[in-house]
Amino acid sequence: MLTVAGTGGLRIAALNEAAEALGLAVGEPLADARAKAGFVQVRDADPAADDAALRRLALWATRYTPTASPWGEDNGADGFFLDIEGAAHLFGGEEALLADLASRLTKNFGLPARLAVADTAGAAWALSRFHKHKAPSFILPSGQEAAALAPLPTAALRLQPETRATLRRLGFKTVGALLDKPRAPFAARFTAELLRRIDQALGRIDEPLVPIVAPPVYHALRYLPEPIFTHEAIIAHASRLMHSLTHVLTRDDVGARSLRLCLYNVDGAVEAIDIGLTLPTRSVDHVARLIALKLETLVASYDARFGFEAVGLAVTCAEPMPAQQTEFPSSPPSDPSCACEAGSEWGDGDRTERRAALIDALRQRLGPASVRRFEAVASHWPERAEVLSPIDGAAAAPSFDQQVLDQQALDQQTVQPRPLLILPHAEPAEEVLALIPDGPPRRFSWRGTTYEITGAQGPERIGAEWWRPHLSAHSRASGHPDDFAPGPRFRGDERQQTRDYYLVEDSAGQRFWLYREGLYGRETTQARWFVHGLFA
Amino acid sequence: MGFPHMTEPNALRMAHSRAAVMEELRRLMPRLEGRRKPLPLGLAAIDSHLPGGGLACGALHEVMPAAEGAIAAAFGFIAAILVRIHSPLPWREGLGVGVERRSSNVNVLTPQTAPLLLVMPPYGLRPYRAHGRLHGHGLRTLGLDPARLILVETAHRKETLWAMEEAVRSQAPAAVAGVIDQLDLKLSQRLHLAAVDAGLPLFLLRPAPPSLPSPASGGGWGSAAATRWRVGTEKAACDRFGLIAQPRWHLHLERCRNGRPGQWLVEYDHVAHRFSLAAALADPAGARGAGEASIRQAG
């Protein structure tokens, strides 16, 4: 017996058949149950773990159909639901599918399952719970929902306990009793839930089902007679699946932008491998190679255990793709001798594809965030002047946007030197010796080394972006960070000060980018110096 | 009876095989010719030391800073060479200098412009302390369009090596540059072979050897690289306004396959993308002297 904390102490959340036989019921206080039954075994219910288990189960069930949705509170019921429309014939009919499902649930998970097939999700749920047949599974012929539901108790409509209690008080015991009555009084006296559940069960309104994984655009699945363990086998099967998908993709003039490879373990676990592509592709070799790369990196974490009994490959995102190109040029490493010839045969279009293939491979192996490019930002503040953004999409858009650069060039009139290497956080320079407080330094020490400065160029004065709150100072209290909040512009020490940047050169020829924080005399009396970059 | 009968087919066969040989040669010749021309640095004093008058395109090149502080200069030298690399498309090579000059103009950016790939661990060179990261605007200061650069960050050396080889073999980028802390002979051979196969230049920024009692010994620093450059900082010349006109580097070509080592003091013009000898050593006698000195040293 499982309990949860409810009103007035612990209450029963679930119980087994033996407890049911003693007359206990879900929702009863634990104290009453103890008084009735004498000795009961009690465990705390763990709804989170139940949820996770149900999700795992639903994920496993995607081997039957890609749209498997676990049910929770929103649906007013538990269990999970498979949309087997169009999938049943793959197993030789609905009966065969149900038999297979039931045997696998028992064998893999040790779960006695109650299964039902019906035209509507509501009817299927009701029948799986309340049908009186001996067999664990039940198939309702199309169009007979009303007749089949009529003898079932009102609980079969997935109603709230309060609604159920009210119905019971009014003398409605079966669904059939409700179906006969005019609807208006029910609509007036009950929440919308009652009529909605009836309509859903009878198929008068649609019931949206949220699948556990986004339903793929294209899907290919292969059941294996023998479990497979090795990378090579997985890749071989995935290639075959991709090959079968290629025809569909070609027919629709699309290519895959993202793929998901699902490996169904014999013991019910599911390994999912996501593959993102820079360009839409239909190339079997390319996809197989990306899968191989991913498997290599996963080798430590994934566990074939008893082997995989089914392999599914789904196209989760497809994009239009010109029909002519179907294959990436075979990669040179297999035949290095013809590398030069291949190089001369490839045109400009292939270059874009080679670039995309390379980026795909790098992203797959090193992680999506590790392949990046520079992107200019319209800001004078050096820390904010550029971002590194992950490369996505095929278009080699000029990341250093000419417009941004033009604007900066206009603002600066001349292009000021910028260091080749920039420190992410400016580091304080110590023991700075400057002849005049607002002049360039003559000597400074940084990271324990003292540099004698022989030449300096500057200053380049960069004012703080007062219209932008300081990173640490912009508390969300003042609303949107872009709002012009009335009141003090800066807060205490956190205000950003004007910087005077100097390009300085030491006696050995090393060139640094130094800045002095604060305008001497106006913003500060004690100049602080920072090293911010290194020039080539 | 059979003898004279046989001569004719023999001769035929010979002629046939000769034709086949010629055919084979004809088939092979474009491949030899198709090899990319070396990449000149545009400075006769240096190019004359390099085989074929420039940096070999399908080869591994090593660049190391002369001291820890020179790491930015070493990066700058690589960036300066990358600027000079154009798209390796064969048709572009076939055209004249004018086209080359146009394509070297970084403002003309076509989507077909081959990207340059830079592979580096997130913190730069391992034995040194973090020297910050590359700055896109700084690259632009040197004349390299950051839009052409694809930055690949790797977690460890194995990934760096893999990514570099993958990039070179894919032939997608115009050049690959990488930062690596350690490299043994075998790995460098592997990278070099990959570069040779693909016909792409591969630049490797390595830390300077800790301290070498004699530069010639170089124990454990064996490498299959075609060239090894050691880049040091040098005081830059100022223009008449007292502004630092051009970065000035001390280039030391330590080893060069089929070429001669040498030392030069060069300035890099980021507008024209050109190296020039710095004024102090501009006289050929001085440059030659430096080169000979280093030959003696190495020999």
# chains A, B, ... in the order shown; residues from 1 in each chain; ligands from 1
>>> residues_around(residues="range 186-188 of chain B", least_positions_apart="5", cutoff="7 Å", atoms="only C-alpha atoms", output="PyMOL selection string")
chain B and resi 223-225
>>> write_last_selection(atoms="C-alpha atoms", output="PDB file, in the first residue's frame")
ATOM      1  CA  SER B 223      58.981  17.272 -36.020  1.00  0.00           C
ATOM      2  CA  ALA B 224      58.015  16.536 -39.574  1.00  0.00           C
ATOM      3  CA  ALA B 225      57.134  20.151 -40.208  1.00  0.00           C
TER       4      ALA B 225
END
>>> residues_around(residues="Phe203 in chain B", least_positions_apart="2", cutoff="6 Å", atoms="only C-alpha atoms", output="list of chain:residue names")
B:His61, B:Glu62, B:Ala177
>>> closest_atom_pairs(of="chain B", to="chain A", cutoff="7 Å", atoms="only C-alpha atoms", output="CSV")
residue,atom,partner,partner_atom,distance
B:Arg31,CA,A:Cys340,CA,6.3
B:Gly69,CA,A:Gln510,CA,6.7
B:Ala70,CA,A:Gln510,CA,6.9
B:Ala72,CA,A:Ala536,CA,4.6
B:Ala73,CA,A:Ala536,CA,4.1
B:Phe75,CA,A:Ala536,CA,7.0
B:Gly76,CA,A:Ala536,CA,4.9
B:Pro90,CA,A:Ser344,CA,6.3
B:Pro111,CA,A:Ala396,CA,5.6
B:Gln112,CA,A:Asp348,CA,6.1
B:His131,CA,A:Leu423,CA,6.5
B:Gly132,CA,A:Leu423,CA,4.0
B:Arg133,CA,A:Leu421,CA,5.3
B:Leu134,CA,A:Leu421,CA,4.6
B:His135,CA,A:Leu420,CA,5.4
B:Gly136,CA,A:Phe374,CA,6.1
B:His137,CA,A:Arg418,CA,6.0
B:Gly138,CA,A:Leu420,CA,4.2
B:Leu139,CA,A:Leu420,CA,5.8
B:Thr141,CA,A:Pro417,CA,6.1
B:Pro146,CA,A:Phe374,CA,6.1
B:Ala147,CA,A:Ser399,CA,5.2
B:Leu149,CA,A:Arg373,CA,6.4
B:Ile150,CA,A:Arg373,CA,5.1
B:Leu151,CA,A:Arg372,CA,5.1
B:Val152,CA,A:Val371,CA,4.6
B:Glu153,CA,A:Ser370,CA,4.9
B:Thr154,CA,A:Leu366,CA,6.7
B:Ala163,CA,A:Leu362,CA,6.7
B:Ala167,CA,A:Leu358,CA,6.5
B:Arg169,CA,A:Pro333,CA,6.5
B:Ser170,CA,A:Leu358,CA,6.4
B:Ala172,CA,A:Arg355,CA,4.9
B:Asp197,CA,A:Pro336,CA,6.0
B:Ala198,CA,A:Ala339,CA,6.1
B:Thr233,CA,A:Gly509,CA,5.0
B:Glu234,CA,A:Gly509,CA,4.2
B:Lys235,CA,A:Gly509,CA,3.9
B:Ala236,CA,A:Gly509,CA,6.7
B:Leu243,CA,A:Gln457,CA,5.9
B:Pro247,CA,A:Ala536,CA,6.6
>>> atom_distance(atom1="CA of Ala147 in chain A", atom2="CA of Gln160 in chain A")
23.2 Å
>>> select_by_dssp(residues="range 141-218 of chain B", states="strand (DSSP E)", output="PyMOL selection string")
chain B and resi 149-153+175-179+202-205
>>> atom_distance(atom1="CA of Arg248 in chain B", atom2="CA of Glu267 in chain B")
4.3 Å
>>> residues_around(residues="Leu82 in chain B", least_positions_apart="2", cutoff="9 Å", atoms="only C-alpha atoms", output="mmCIF file with N, CA and C atoms, in the first residue's frame")
data_model
loop_
_atom_site.group_PDB
_atom_site.id
_atom_site.type_symbol
_atom_site.label_atom_id
_atom_site.label_comp_id
_atom_site.auth_asym_id
_atom_site.auth_seq_id
_atom_site.Cartn_x
_atom_site.Cartn_y
_atom_site.Cartn_z
ATOM 1 N N PHE B 77 51.827 36.600 -36.608
ATOM 2 C CA PHE B 77 52.523 36.108 -37.802
ATOM 3 C C PHE B 77 51.642 35.107 -38.534
ATOM 4 N N ILE B 78 51.014 34.199 -37.771
ATOM 5 C CA ILE B 78 50.118 33.225 -38.408
ATOM 6 C C ILE B 78 48.960 33.957 -39.090
ATOM 7 N N ALA B 79 48.411 34.937 -38.379
ATOM 8 C CA ALA B 79 47.288 35.678 -38.959
ATOM 9 C C ALA B 79 47.722 36.371 -40.245
ATOM 10 N N ALA B 80 48.943 36.925 -40.227
ATOM 11 C CA ALA B 80 49.426 37.629 -41.419
ATOM 12 C C ALA B 80 49.568 36.675 -42.591
ATOM 13 N N ARG B 84 47.258 36.193 -46.358
ATOM 14 C CA ARG B 84 47.805 36.073 -47.708
ATOM 15 C C ARG B 84 47.290 34.844 -48.440
ATOM 16 N N ILE B 85 46.602 33.975 -47.723
ATOM 17 C CA ILE B 85 46.086 32.774 -48.383
ATOM 18 C C ILE B 85 44.733 33.086 -48.990
ATOM 19 N N HIS B 86 44.589 32.717 -50.206
ATOM 20 C CA HIS B 86 43.305 32.933 -50.838
ATOM 21 C C HIS B 86 42.630 31.604 -50.997
ATOM 22 N N LEU B 116 38.725 29.905 -43.012
ATOM 23 C CA LEU B 116 39.959 29.508 -42.362
ATOM 24 C C LEU B 116 39.564 28.906 -41.026
ATOM 25 N N LEU B 144 42.871 40.611 -41.327
ATOM 26 C CA LEU B 144 42.199 39.329 -41.528
ATOM 27 C C LEU B 144 40.721 39.503 -41.214
ATOM 28 N N ALA B 174 40.452 26.925 -46.422
ATOM 29 C CA ALA B 174 41.602 27.278 -47.242
ATOM 30 C C ALA B 174 42.895 27.004 -46.497
ATOM 31 N N ALA B 175 42.838 27.073 -45.207
ATOM 32 C CA ALA B 175 44.004 26.773 -44.390
ATOM 33 C C ALA B 175 43.526 26.439 -42.994
ATOM 34 N N VAL B 176 44.324 25.702 -42.285
ATOM 35 C CA VAL B 176 43.980 25.323 -40.927
ATOM 36 C C VAL B 176 45.124 25.755 -40.026
ATOM 37 N N ALA B 177 44.763 26.363 -38.927
ATOM 38 C CA ALA B 177 45.768 26.719 -37.935
ATOM 39 C C ALA B 177 45.340 26.114 -36.613
#
>>> residues_around(residues="Pro38 in chain B", least_positions_apart="4", cutoff="10 Å", atoms="only C-alpha atoms", output="ChimeraX atom specification")
/B:47,50-59,201
>>> residues_around(residues="Phe138 in chain A", least_positions_apart="5", cutoff="12 Å", atoms="only C-alpha atoms", output="list in words")
Glu94, Glu95, Ala96, Leu97, Leu98, Ala99, Ala102, Ala113, Arg114, Leu115, Ala116, Val117, Ala118, Ala123, Ala124, Trp125, Ala126, Leu127, Ser128, Arg129, Phe130, His131, Lys132, His133 and Ala148 of chain A
>>> residues_around(residues="Leu10 in chain A", least_positions_apart="4", cutoff="10 Å", atoms="only C-alpha atoms", output="JSON, numbers by chain")
{"A": [2, 3, 4, 5, 6, 27, 28, 29, 30, 31, 44]}
>>> residues_around(residues="Thr246 in chain A", least_positions_apart="6", cutoff="12 Å", atoms="only C-alpha atoms", output="PyMOL selection string")
chain A and resi 218-220+239-240+252-256+280-285+287+313-315+318+323+325-327
